[in-house]
>>> print(open('data06.cif').read())   # mmCIF, C-alpha atoms
data_structure
#
loop_
_atom_site.label_atom_id
_atom_site.label_comp_id
_atom_site.auth_asym_id
_atom_site.auth_seq_id
_atom_site.Cartn_x
_atom_site.Cartn_y
_atom_site.Cartn_z
CA MET S 1 53.84 222.23 85.93
CA ARG S 2 52.59 219.51 88.27
CA PHE S 3 54.43 216.27 88.81
CA LEU S 4 51.86 213.65 89.79
CA HIS S 5 53.18 210.37 91.09
CA SER S 6 51.50 207.14 90.09
CA ARG S 7 49.57 205.11 92.63
CA GLU S 8 52.42 202.60 92.79
CA GLN S 9 54.94 205.36 93.47
CA GLN S 10 52.75 206.84 96.19
CA ASP S 11 52.27 203.43 97.80
CA PHE S 12 56.02 202.83 97.69
CA ALA S 13 56.74 206.13 99.45
CA ARG S 14 54.05 205.49 102.08
CA SER S 15 55.29 201.99 102.82
CA LEU S 16 58.86 203.22 103.20
CA ASP S 17 57.66 206.04 105.47
CA ALA S 18 55.74 203.57 107.64
CA MET S 19 58.72 201.23 107.89
CA LEU S 20 61.13 204.02 108.86
CA SER S 21 58.63 205.53 111.31
CA ALA S 22 58.53 202.22 113.17
CA ALA S 23 62.31 201.77 113.08
CA GLY S 24 63.16 204.28 115.84
CA THR S 25 65.65 206.15 113.69
CA PRO S 26 66.71 208.68 116.39
CA GLU S 27 68.20 205.81 118.39
CA VAL S 28 69.82 204.41 115.24
CA VAL S 29 71.36 207.81 114.48
CA ARG S 30 72.77 208.21 117.98
CA ALA S 31 74.29 204.72 117.87
CA TRP S 32 75.85 205.51 114.49
CA GLU S 33 77.30 208.74 115.89
CA ALA S 34 78.98 206.72 118.65
CA GLY S 35 80.52 204.30 116.16
CA ASP S 36 78.03 201.49 116.82
CA HIS S 37 77.05 200.37 113.31
CA GLY S 38 74.90 197.42 114.35
CA PRO S 39 71.48 199.16 114.40
CA GLY S 40 72.36 201.12 111.26
CA ARG S 41 73.41 198.01 109.34
CA ALA S 42 70.22 196.26 110.43
CA LEU S 43 68.17 199.18 109.13
CA TRP S 44 70.29 199.17 105.95
CA ALA S 45 69.20 195.59 105.32
CA ARG S 46 65.55 196.51 105.79
CA VAL S 47 65.84 199.48 103.42
CA ALA S 48 67.48 197.20 100.86
CA ASP S 49 64.70 194.61 101.32
CA ALA S 50 62.25 197.40 100.46
CA GLY S 51 64.04 197.69 97.11
CA VAL S 52 65.61 201.11 97.58
CA LEU S 53 69.19 200.21 96.62
CA ALA S 54 68.04 197.97 93.77
CA LEU S 55 66.50 201.07 92.17
CA ALA S 56 70.05 202.25 91.34
CA VAL S 57 71.25 198.92 89.91
CA PRO S 58 70.68 197.83 86.28
CA GLU S 59 68.49 194.76 85.76
CA PRO S 60 71.32 192.51 84.47
CA TYR S 61 72.90 192.80 87.92
CA GLU S 62 69.78 191.85 89.93
CA GLY S 63 68.52 195.42 90.22
CA MET S 64 65.30 197.08 89.10
CA GLY S 65 66.97 199.39 86.61
CA VAL S 66 67.95 202.97 87.36
CA LEU S 67 64.63 204.67 88.24
CA PRO S 68 65.27 208.35 89.17
CA VAL S 69 61.71 209.27 90.23
CA GLU S 70 61.41 206.31 92.58
CA LEU S 71 64.88 207.03 93.90
CA ALA S 72 63.91 210.65 94.58
CA LEU S 73 60.88 209.45 96.55
CA ALA S 74 62.99 206.96 98.51
CA PHE S 75 65.82 209.34 99.35
CA HIS S 76 63.31 212.00 100.35
CA GLN S 77 62.02 209.54 102.94
CA LEU S 78 65.56 208.73 104.09
CA GLY S 79 66.08 212.45 104.69
CA ARG S 80 62.73 212.85 106.43
CA HIS S 81 63.72 210.16 108.92
CA ALA S 82 67.40 211.21 109.26
CA VAL S 83 68.55 207.70 108.36
CA PRO S 84 72.36 207.47 108.78
CA GLY S 85 74.76 205.82 106.40
CA PRO S 86 76.23 206.37 102.92
CA TYR S 87 73.06 205.62 100.96
CA VAL S 88 73.76 208.36 98.43
CA GLU S 89 77.31 207.20 97.92
CA THR S 90 76.38 203.53 97.59
CA ALA S 91 73.73 204.29 94.97
CA ALA S 92 76.14 206.57 93.10
CA ALA S 93 78.79 203.85 93.25
CA ALA S 94 76.33 201.52 91.51
CA VAL S 95 76.19 204.00 88.63
CA LEU S 96 79.97 204.29 88.66
CA LEU S 97 80.53 200.53 88.48
CA ALA S 98 77.81 199.63 85.99
CA GLY S 99 80.25 199.74 83.08
CA SER S 100 83.30 198.34 84.85
CA PRO S 101 84.78 194.86 85.33
CA LEU S 102 83.79 195.12 88.99
CA ALA S 103 80.08 195.26 88.18
CA LYS S 104 79.45 191.52 88.60
CA GLU S 105 81.25 191.51 91.93
CA TRP S 106 79.65 194.54 93.54
CA LEU S 107 76.30 195.42 91.94
CA PRO S 108 74.30 192.32 93.01
CA ARG S 109 75.62 192.81 96.55
CA ILE S 110 74.65 196.48 96.52
CA ALA S 111 71.14 195.66 95.26
CA ALA S 112 70.68 193.06 98.00
CA GLY S 113 71.98 195.34 100.74
CA GLU S 114 74.93 193.04 101.40
CA ALA S 115 77.54 195.68 100.50
CA LEU S 116 77.82 199.14 102.01
CA VAL S 117 79.97 201.26 99.69
CA THR S 118 81.12 204.85 99.96
CA LEU S 119 82.44 207.32 97.43
CA ALA S 120 84.80 210.27 97.71
CA GLU S 121 86.12 213.03 95.48
CA ASP S 122 89.84 213.24 94.87
CA GLY S 123 91.30 215.09 97.84
CA GLY S 124 87.98 214.97 99.70
CA TYR S 125 86.51 212.89 102.51
CA ALA S 126 84.75 209.55 102.34
CA LEU S 127 81.48 209.40 104.28
CA ASP S 128 81.26 206.57 106.82
CA ALA S 129 84.37 204.84 105.50
CA ASP S 130 84.74 203.09 108.85
CA ALA S 131 81.49 201.21 108.20
CA ALA S 132 82.01 200.63 104.48
CA ASP S 133 82.99 197.44 102.70
CA ALA S 134 84.77 199.48 100.01
CA VAL S 135 85.75 203.08 99.28
CA PHE S 136 85.87 204.33 95.68
CA VAL S 137 87.75 207.54 95.05
CA LEU S 138 86.91 209.67 91.99
CA ARG S 139 90.43 210.51 90.94
CA PRO S 140 91.48 211.02 87.29
CA GLU S 141 91.85 207.25 87.47
CA VAL S 142 89.21 205.85 89.82
CA ALA S 143 90.73 204.04 92.79
CA LEU S 144 89.44 201.35 95.14
CA ALA S 145 90.68 202.17 98.64
CA PRO S 146 90.42 200.07 101.81
CA PRO S 147 87.77 200.92 104.42
CA GLY S 148 88.63 203.42 107.13
CA GLY S 149 91.26 206.12 106.80
CA GLY S 150 92.16 209.28 108.64
CA PRO S 151 89.12 210.54 110.62
CA HIS S 152 87.92 214.12 110.30
CA ARG S 153 85.45 215.93 112.53
CA SER S 154 82.10 216.71 110.93
CA ALA S 155 79.44 219.29 111.76
CA ASP S 156 77.04 216.35 111.86
CA PRO S 157 78.40 213.55 114.09
CA ALA S 158 76.25 211.06 112.19
CA ARG S 159 78.19 211.92 109.00
CA ARG S 160 81.51 210.31 109.89
CA LEU S 161 84.22 211.57 107.54
CA TYR S 162 87.52 209.89 106.67
CA ARG S 163 90.42 210.75 104.41
CA PRO S 164 90.77 207.69 102.16
CA ALA S 165 94.04 205.88 101.55
CA ALA S 166 95.71 205.76 98.12
CA GLY S 167 94.05 202.56 96.93
CA GLU S 168 94.40 200.62 93.69
CA PRO S 169 93.26 201.90 90.28
CA VAL S 170 90.18 200.30 88.71
CA ALA S 171 89.07 200.41 85.09
CA VAL S 172 86.08 202.74 84.97
CA PRO S 173 85.08 204.79 81.91
CA PRO S 174 85.56 208.56 82.49
CA GLU S 175 81.91 209.22 81.65
CA ALA S 176 80.87 206.82 84.42
CA ALA S 177 82.70 208.93 87.02
CA VAL S 178 80.95 212.06 85.74
CA ALA S 179 77.58 210.31 85.85
CA ALA S 180 78.24 209.14 89.42
CA ARG S 181 78.94 212.70 90.55
CA HIS S 182 75.70 214.01 89.04
CA PHE S 183 73.78 211.07 90.50
CA ALA S 184 75.16 211.71 93.98
CA ARG S 185 74.19 215.37 93.63
CA PHE S 186 70.66 214.44 92.59
CA LEU S 187 70.13 211.99 95.45
CA THR S 188 71.55 214.45 97.97
CA ALA S 189 69.02 217.02 96.72
CA ALA S 190 66.21 214.55 97.45
CA GLN S 191 67.64 213.71 100.86
CA VAL S 192 68.08 217.32 101.96
CA LEU S 193 64.53 218.15 100.85
CA GLY S 194 63.31 215.43 103.22
CA VAL S 195 65.38 216.97 106.03
CA GLY S 196 63.78 220.35 105.35
CA ASP S 197 60.28 218.89 105.36
CA THR S 198 60.80 217.29 108.78
CA LEU S 199 62.29 220.47 110.22
CA LEU S 200 59.24 222.40 109.08
CA SER S 201 56.70 219.84 110.32
CA ARG S 202 58.35 219.54 113.74
CA THR S 203 58.51 223.32 114.09
CA VAL S 204 54.85 223.71 113.15
CA SER S 205 53.92 221.15 115.81
CA TYR S 206 56.07 222.88 118.40
CA VAL S 207 54.70 226.41 117.86
CA ALA S 208 51.14 225.07 117.96
CA GLY S 209 51.69 223.77 121.50
CA ARG S 210 54.13 226.32 122.94
CA THR S 211 52.23 229.17 124.61
CA GLN S 212 53.24 232.70 125.55
CA PHE S 213 50.93 235.08 127.38
CA GLY S 214 48.30 232.35 127.18
CA THR S 215 48.46 232.13 123.37
CA PRO S 216 50.18 229.55 121.15
CA ILE S 217 53.20 231.26 119.62
CA GLY S 218 52.13 229.87 116.27
CA ALA S 219 49.28 232.41 116.31
CA PHE S 220 51.71 235.35 116.17
CA GLN S 221 52.04 236.97 112.76
CA ALA S 222 55.83 237.01 112.80
CA VAL S 223 55.91 233.25 113.42
CA LYS S 224 53.28 232.57 110.74
CA HIS S 225 55.22 234.58 108.17
CA ARG S 226 58.49 232.81 108.98
CA LEU S 227 56.89 229.40 108.60
CA ALA S 228 55.08 230.44 105.43
CA ASP S 229 58.37 231.58 103.89
CA THR S 230 59.94 228.26 104.86
CA MET S 231 57.10 226.27 103.31
CA VAL S 232 57.23 228.31 100.09
CA GLY S 233 60.95 227.63 99.75
CA LEU S 234 60.46 223.89 100.14
CA GLU S 235 57.47 223.74 97.82
CA PHE S 236 59.25 225.74 95.11
CA ALA S 237 62.20 223.34 95.33
CA ARG S 238 60.08 220.19 95.05
CA PRO S 239 59.15 220.43 91.34
CA LEU S 240 62.76 221.20 90.48
CA LEU S 241 63.78 217.91 92.07
CA TYR S 242 61.23 215.87 90.13
CA GLY S 243 61.96 217.83 86.97
CA ALA S 244 65.59 216.81 87.35
CA ALA S 245 64.48 213.21 87.89
CA LEU S 246 62.68 213.27 84.56
CA SER S 247 65.38 215.04 82.55
CA SER S 248 68.57 213.81 84.28
CA ALA S 249 70.22 216.92 82.80
CA PRO S 250 73.25 218.11 84.83
CA ALA S 251 72.02 221.72 84.85
CA ASP S 252 68.57 220.64 86.09
CA ILE S 253 70.16 218.52 88.81
CA ALA S 254 72.33 221.46 89.88
CA ALA S 255 69.29 223.76 90.01
CA ALA S 256 67.42 221.24 92.14
CA LYS S 257 70.39 220.88 94.47
CA VAL S 258 70.61 224.66 94.98
CA ALA S 259 66.89 225.01 95.63
CA THR S 260 66.50 222.05 97.98
CA GLY S 261 69.71 222.77 99.87
CA GLU S 262 68.94 226.44 100.45
CA ALA S 263 65.32 225.69 101.39
CA ALA S 264 66.36 223.05 103.93
CA TYR S 265 69.01 225.31 105.41
CA ALA S 266 66.40 228.08 105.75
CA ALA S 267 64.10 225.54 107.44
CA ALA S 268 66.89 224.68 109.89
CA ARG S 269 67.45 228.33 110.76
CA ALA S 270 63.73 228.90 111.27
CA ALA S 271 63.42 225.76 113.39
CA LEU S 272 66.33 226.78 115.60
CA GLN S 273 64.98 230.28 116.13
CA LEU S 274 61.36 229.30 116.75
CA HIS S 275 62.28 226.52 119.19
CA GLY S 276 64.18 229.07 121.25
CA ALA S 277 66.79 227.89 123.75
CA ILE S 278 65.56 224.28 123.63
CA GLY S 279 66.54 224.15 119.98
CA TYR S 280 70.21 224.20 120.96
CA THR S 281 70.05 221.03 123.04
CA GLN S 282 71.48 217.81 121.65
CA GLU S 283 69.00 215.77 123.69
CA LEU S 284 66.15 217.10 121.56
CA ASP S 285 65.59 214.88 118.51
CA LEU S 286 65.29 218.02 116.39
CA SER S 287 69.08 218.34 116.58
CA LEU S 288 69.46 215.21 114.43
CA TRP S 289 67.91 217.09 111.51
CA LEU S 290 69.33 220.51 112.35
CA ARG S 291 72.88 219.20 112.05
CA LYS S 292 72.23 217.62 108.67
CA ALA S 293 70.90 220.64 106.79
CA ARG S 294 74.16 222.53 106.30
CA PRO S 295 76.42 219.53 105.46
CA LEU S 296 73.88 218.14 102.98
CA ARG S 297 73.45 221.57 101.42
CA ASP S 298 77.17 221.55 100.61
CA ALA S 299 77.69 217.83 99.88
CA TRP S 300 78.29 216.89 96.24
CA GLY S 301 78.17 220.51 95.13
CA THR S 302 78.03 223.70 97.15
CA PRO S 303 75.41 226.30 96.20
CA ALA S 304 78.10 228.31 94.40
CA GLN S 305 79.29 225.28 92.43
CA CYS S 306 75.75 224.32 91.50
CA ARG S 307 74.84 227.83 90.42
CA ALA S 308 77.92 227.89 88.19
CA ARG S 309 76.79 224.60 86.64
CA VAL S 310 73.32 226.01 85.97
CA LEU S 311 74.86 228.99 84.17
CA GLU S 312 76.85 226.64 81.95
CA GLY S 313 73.55 225.17 80.75
#
>>> encode(input="data06.cif", output="structure tokens")
Amino acid sequence: MRFLHSREQQDFARSLDAMLSAAGTPEVVRAWEAGDHGPGRALWARVADAGVLALAVPEPYEGMGVLPVELALAFHQLGRHAVPGPYVETAAAAVLLAGSPLAKEWLPRIAAGEALVTLAEDGGYALDADAADAVFVLRPEVALAPPGGGPHRSADPARRLYRPAAGEPVAVPPEAAVAARHFARFLTAAQVLGVGDTLLSRTVSYVAGRTQFGTPIGAFQAVKHRLADTMVGLEFARPLLYGAALSSAPADIAAAKVATGEAAYAAARAALQLHGAIGYTQELDLSLWLRKARPLRDAWGTPAQCRARVLEG
């Protein structure tokens, strides 16, 4: 089955790619890692102006309606450019709050990019809670916690993790919390696929220019086969992502998350190996994507959890 995007969808993805390409995201990521949220918040506003966050907000709250295909395209681009910040969590929080008394307060602000919101599982960590305007915790009774919390070291310094405080309960239907979890899983699948695509493209460029014995290493059969395997994994995952966008079925979302996460992680391993010793250096921009692949693979559903969900049907 082929999933063909409309001309408008293709134009949207290209315009977002062009905007992020010109934004100098490696410098934004490094500032975010250091706790400087200024460049990241400025980019957040530009992403919101492009309509990305409004795609997760219902029309009555100044959004464009929840449009999964367009969201998949947008979050794929966010992953391709390693954009920092809790975009997944903010969009999932919009789904969480759509049926709550807090909708009028938060959803127009989310759509406009004026509110940066993060989301955490009960007992888990809240991403970028130090930069957030609010932290929602998916406990048996959803809680609104203050920003910040107890910091926790992350494998990706740009994914700043915090243990949220207790917070105050908010009235959210139980089905909304379930929907928010699935939505976060779906958007993370799109984001990690973008990470995998960039890892592959950067590795292809590197092996085409790196020579050994007077020959580009990309001409060696072992390198070709490794890159071909990486590309096949990513391309097999892509239709699962857009299939999940069309169906919104939890099992389809879980299958997409497994496929995209494993494919991106394989792309990271191939990129690290084929770049050789230089691949281990933090100064190389490649590291910004390498460090994202494993955390995103496990965020909002590890491969084991997602496989179990697929088996449930």
>>> closest_residue(input="data06.cif", among="S:Asp49, S:Glu59, S:Glu235, S:Glu168", to="Ala98 in chain S", atoms="all atoms listed in the file")
S:Glu59
>>> resolve_selection(input="data06.cif", expression="the PyMOL selection byres ((chain S and resi 286-300) around 9)", output="NGL selection string")
:S and (26 or 29-30 or 79-82 or 121 or 154-159 or 181-182 or 184-186 or 188-189 or 191-192 or 195-196 or 198-199 or 202-203 or 257-258 or 260-262 or 264-269 or 271-272 or 279-285 or 301-303)
>>> resolve_selection(input="data06.cif", expression="the PyMOL selection byres ((chain S and resi 87) around 12)", output="ChimeraX atom specification")
/S:40-41,43-45,47-48,52-56,71,74-79,82-86,88-94,110-111,113,115-119,127-128,131-132,159,183-184,187-188,190-191
>>> axis_aligned_box(input="data06.cif", around="range 33-49 of chain S", padding_each_side="6 Å", output="JSON")
{"center_x": 72.6, "center_y": 201.7, "center_z": 109.8, "size_x": 27.8, "size_y": 26.1, "size_z": 29.8}
>>> atom_distance(input="data06.cif", atom1="CA of Tyr206 in chain S", atom2="CA of Leu274 in chain S")
8.5 Å
>>> residues_around(input="data06.cif", residues="Ala259 in chain S", least_positions_apart="4", cutoff="9 Å", atoms="all atoms listed in the file", output="PyMOL selection string")
chain S and resi 189+193+233-234+236-238+240-241+254-255+263-264+303
>>> resolve_selection(input="data06.cif", expression="the PyMOL selection byres ((chain S and resi 207-218) around 12)", output="PDB file with C-alpha atoms, keeping the file's coordinate frame")
ATOM      1  CA  LEU S 200      59.240 222.400 109.080  1.00  0.00           C
ATOM      2  CA  SER S 201      56.700 219.840 110.320  1.00  0.00           C
ATOM      3  CA  ARG S 202      58.350 219.540 113.740  1.00  0.00           C
ATOM      4  CA  THR S 203      58.510 223.320 114.090  1.00  0.00           C
ATOM      5  CA  VAL S 204      54.850 223.710 113.150  1.00  0.00           C
ATOM      6  CA  SER S 205      53.920 221.150 115.810  1.00  0.00           C
ATOM      7  CA  TYR S 206      56.070 222.880 118.400  1.00  0.00           C
ATOM      8  CA  ALA S 219      49.280 232.410 116.310  1.00  0.00           C
ATOM      9  CA  PHE S 220      51.710 235.350 116.170  1.00  0.00           C
ATOM     10  CA  GLN S 221      52.040 236.970 112.760  1.00  0.00           C
ATOM     11  CA  ALA S 222      55.830 237.010 112.800  1.00  0.00           C
ATOM     12  CA  VAL S 223      55.910 233.250 113.420  1.00  0.00           C
ATOM     13  CA  LYS S 224      53.280 232.570 110.740  1.00  0.00           C
ATOM     14  CA  HIS S 225      55.220 234.580 108.170  1.00  0.00           C
ATOM     15  CA  ARG S 226      58.490 232.810 108.980  1.00  0.00           C
ATOM     16  CA  LEU S 227      56.890 229.400 108.600  1.00  0.00           C
ATOM     17  CA  ALA S 228      55.080 230.440 105.430  1.00  0.00           C
ATOM     18  CA  ALA S 270      63.730 228.900 111.270  1.00  0.00           C
ATOM     19  CA  ALA S 271      63.420 225.760 113.390  1.00  0.00           C
ATOM     20  CA  LEU S 272      66.330 226.780 115.600  1.00  0.00           C
ATOM     21  CA  GLN S 273      64.980 230.280 116.130  1.00  0.00           C
ATOM     22  CA  LEU S 274      61.360 229.300 116.750  1.00  0.00           C
ATOM     23  CA  HIS S 275      62.280 226.520 119.190  1.00  0.00           C
ATOM     24  CA  GLY S 276      64.180 229.070 121.250  1.00  0.00           C
ATOM     25  CA  ILE S 278      65.560 224.280 123.630  1.00  0.00           C
TER      26      ILE S 278
END
>>> residues_around(input="data06.cif", residues="Asp130 in chain S", least_positions_apart="3", cutoff="10 Å", atoms="all atoms listed in the file", output="mmCIF file with C-alpha atoms, keeping the file's coordinate frame")
data_model
loop_
_atom_site.group_PDB
_atom_site.id
_atom_site.type_symbol
_atom_site.label_atom_id
_atom_site.label_comp_id
_atom_site.auth_asym_id
_atom_site.auth_seq_id
_atom_site.Cartn_x
_atom_site.Cartn_y
_atom_site.Cartn_z
ATOM 1 C CA GLY S 35 80.520 204.300 116.160
ATOM 2 C CA HIS S 37 77.050 200.370 113.310
ATOM 3 C CA THR S 118 81.120 204.850 99.960
ATOM 4 C CA ALA S 126 84.750 209.550 102.340
ATOM 5 C CA LEU S 127 81.480 209.400 104.280
ATOM 6 C CA ASP S 133 82.990 197.440 102.700
ATOM 7 C CA ALA S 134 84.770 199.480 100.010
ATOM 8 C CA VAL S 135 85.750 203.080 99.280
ATOM 9 C CA PRO S 146 90.420 200.070 101.810
ATOM 10 C CA PRO S 147 87.770 200.920 104.420
ATOM 11 C CA GLY S 148 88.630 203.420 107.130
ATOM 12 C CA GLY S 149 91.260 206.120 106.800
ATOM 13 C CA GLY S 150 92.160 209.280 108.640
ATOM 14 C CA PRO S 151 89.120 210.540 110.620
ATOM 15 C CA ARG S 160 81.510 210.310 109.890
ATOM 16 C CA LEU S 161 84.220 211.570 107.540
ATOM 17 C CA TYR S 162 87.520 209.890 106.670
#
>>> atom_distance(input="data06.cif", atom1="CA of Cys306 in chain S", atom2="CA of Ala244 in chain S")
13.3 Å
>>> residues_around(input="data06.cif", residues="Ala103 in chain S", least_positions_apart="2", cutoff="12 Å", atoms="all atoms listed in the file", output="list of chain:residue names")
S:Val57, S:Pro58, S:Glu59, S:Pro60, S:Tyr61, S:Glu62, S:Gly63, S:Ala93, S:Ala94, S:Val95, S:Leu96, S:Leu97, S:Ala98, S:Gly99, S:Ser100, S:Pro101, S:Glu105, S:Trp106, S:Leu107, S:Pro108, S:Arg109, S:Ile110, S:Ala111, S:Val170, S:Ala171, S:Val172
>>> atom_distance(input="data06.cif", atom1="CA of Asp11 in chain S", atom2="CA of Leu67 in chain S")
15.7 Å
>>> decode(input="data06.cif", residues="range 103-178 of chain S", atoms="C-alpha atoms", output="compact mmCIF listing (two decimals), in the first residue's frame")
# COMPACT_ATOMS: atom_id res chain seq x y z
CA ALA S 103 -9.45 23.57 27.86
CA LYS S 104 -10.41 27.24 27.48
CA GLU S 105 -7.43 28.32 29.56
CA TRP S 106 -4.72 26.23 27.94
CA LEU S 107 -5.68 25.12 24.41
CA PRO S 108 -5.72 28.56 22.70
CA ARG S 109 -2.34 29.28 24.29
CA ILE S 110 -0.94 25.94 23.11
CA ALA S 111 -2.20 26.55 19.56
CA ALA S 112 -0.60 30.00 19.49
CA GLY S 113 2.71 28.77 20.89
CA GLU S 114 2.29 30.89 24.01
CA ALA S 115 2.28 27.89 26.38
CA LEU S 116 4.95 25.21 26.59
CA VAL S 117 3.45 22.22 28.40
CA THR S 118 4.96 18.89 29.35
CA LEU S 119 3.45 15.57 30.31
CA ALA S 120 4.66 12.72 32.51
CA GLU S 121 3.54 9.24 33.46
CA ASP S 122 2.83 8.50 37.10
CA GLY S 123 6.19 7.75 38.70
CA GLY S 124 8.06 8.82 35.57
CA TYR S 125 9.98 11.90 34.48
CA ALA S 126 8.69 15.08 32.90
CA LEU S 127 10.62 16.22 29.83
CA ASP S 128 11.94 19.79 29.99
CA ALA S 129 9.90 20.63 33.08
CA ASP S 130 12.34 23.45 33.83
CA ALA S 131 11.23 25.24 30.65
CA ALA S 132 7.53 24.37 30.89
CA ASP S 133 4.64 26.59 31.88
CA ALA S 134 2.80 23.57 33.30
CA VAL S 135 3.40 19.88 34.01
CA PHE S 136 0.51 17.40 33.74
CA VAL S 137 1.01 14.03 35.37
CA LEU S 138 -0.98 11.02 34.15
CA ARG S 139 -1.86 9.55 37.51
CA PRO S 140 -5.12 7.66 38.20
CA GLU S 141 -6.37 11.19 38.81
CA VAL S 142 -4.54 13.56 36.46
CA ALA S 143 -2.55 16.20 38.34
CA LEU S 144 -1.30 19.66 37.42
CA ALA S 145 2.18 20.07 38.91
CA PRO S 146 4.35 23.20 39.05
CA PRO S 147 7.25 23.59 36.59
CA GLY S 148 10.63 22.18 37.53
CA GLY S 149 11.17 19.33 39.97
CA GLY S 150 13.99 17.00 40.83
CA PRO S 151 16.47 16.82 37.91
CA HIS S 152 17.57 13.48 36.48
CA ARG S 153 20.46 12.82 34.11
CA SER S 154 19.46 11.81 30.60
CA ALA S 155 21.34 9.95 27.88
CA ASP S 156 20.49 12.92 25.67
CA PRO S 157 21.44 16.21 27.38
CA ALA S 158 18.88 18.01 25.22
CA ARG S 159 16.13 15.88 26.82
CA ARG S 160 16.16 17.42 30.29
CA LEU S 161 14.29 15.16 32.71
CA TYR S 162 12.66 16.11 36.01
CA ARG S 163 10.72 14.24 38.66
CA PRO S 164 7.48 16.23 38.98
CA ALA S 165 6.05 17.40 42.29
CA ALA S 166 2.73 16.12 43.66
CA GLY S 167 0.53 18.80 42.09
CA GLU S 168 -3.21 19.38 42.27
CA PRO S 169 -5.83 17.05 40.76
CA VAL S 170 -7.69 18.22 37.66
CA ALA S 171 -10.94 16.90 36.23
CA VAL S 172 -10.01 14.95 33.11
CA PRO S 173 -12.03 12.02 31.73
CA PRO S 174 -10.13 8.70 32.04
CA GLU S 175 -10.45 8.08 28.30
CA ALA S 176 -8.70 11.41 27.65
CA ALA S 177 -5.62 10.25 29.57
CA VAL S 178 -5.55 7.03 27.54
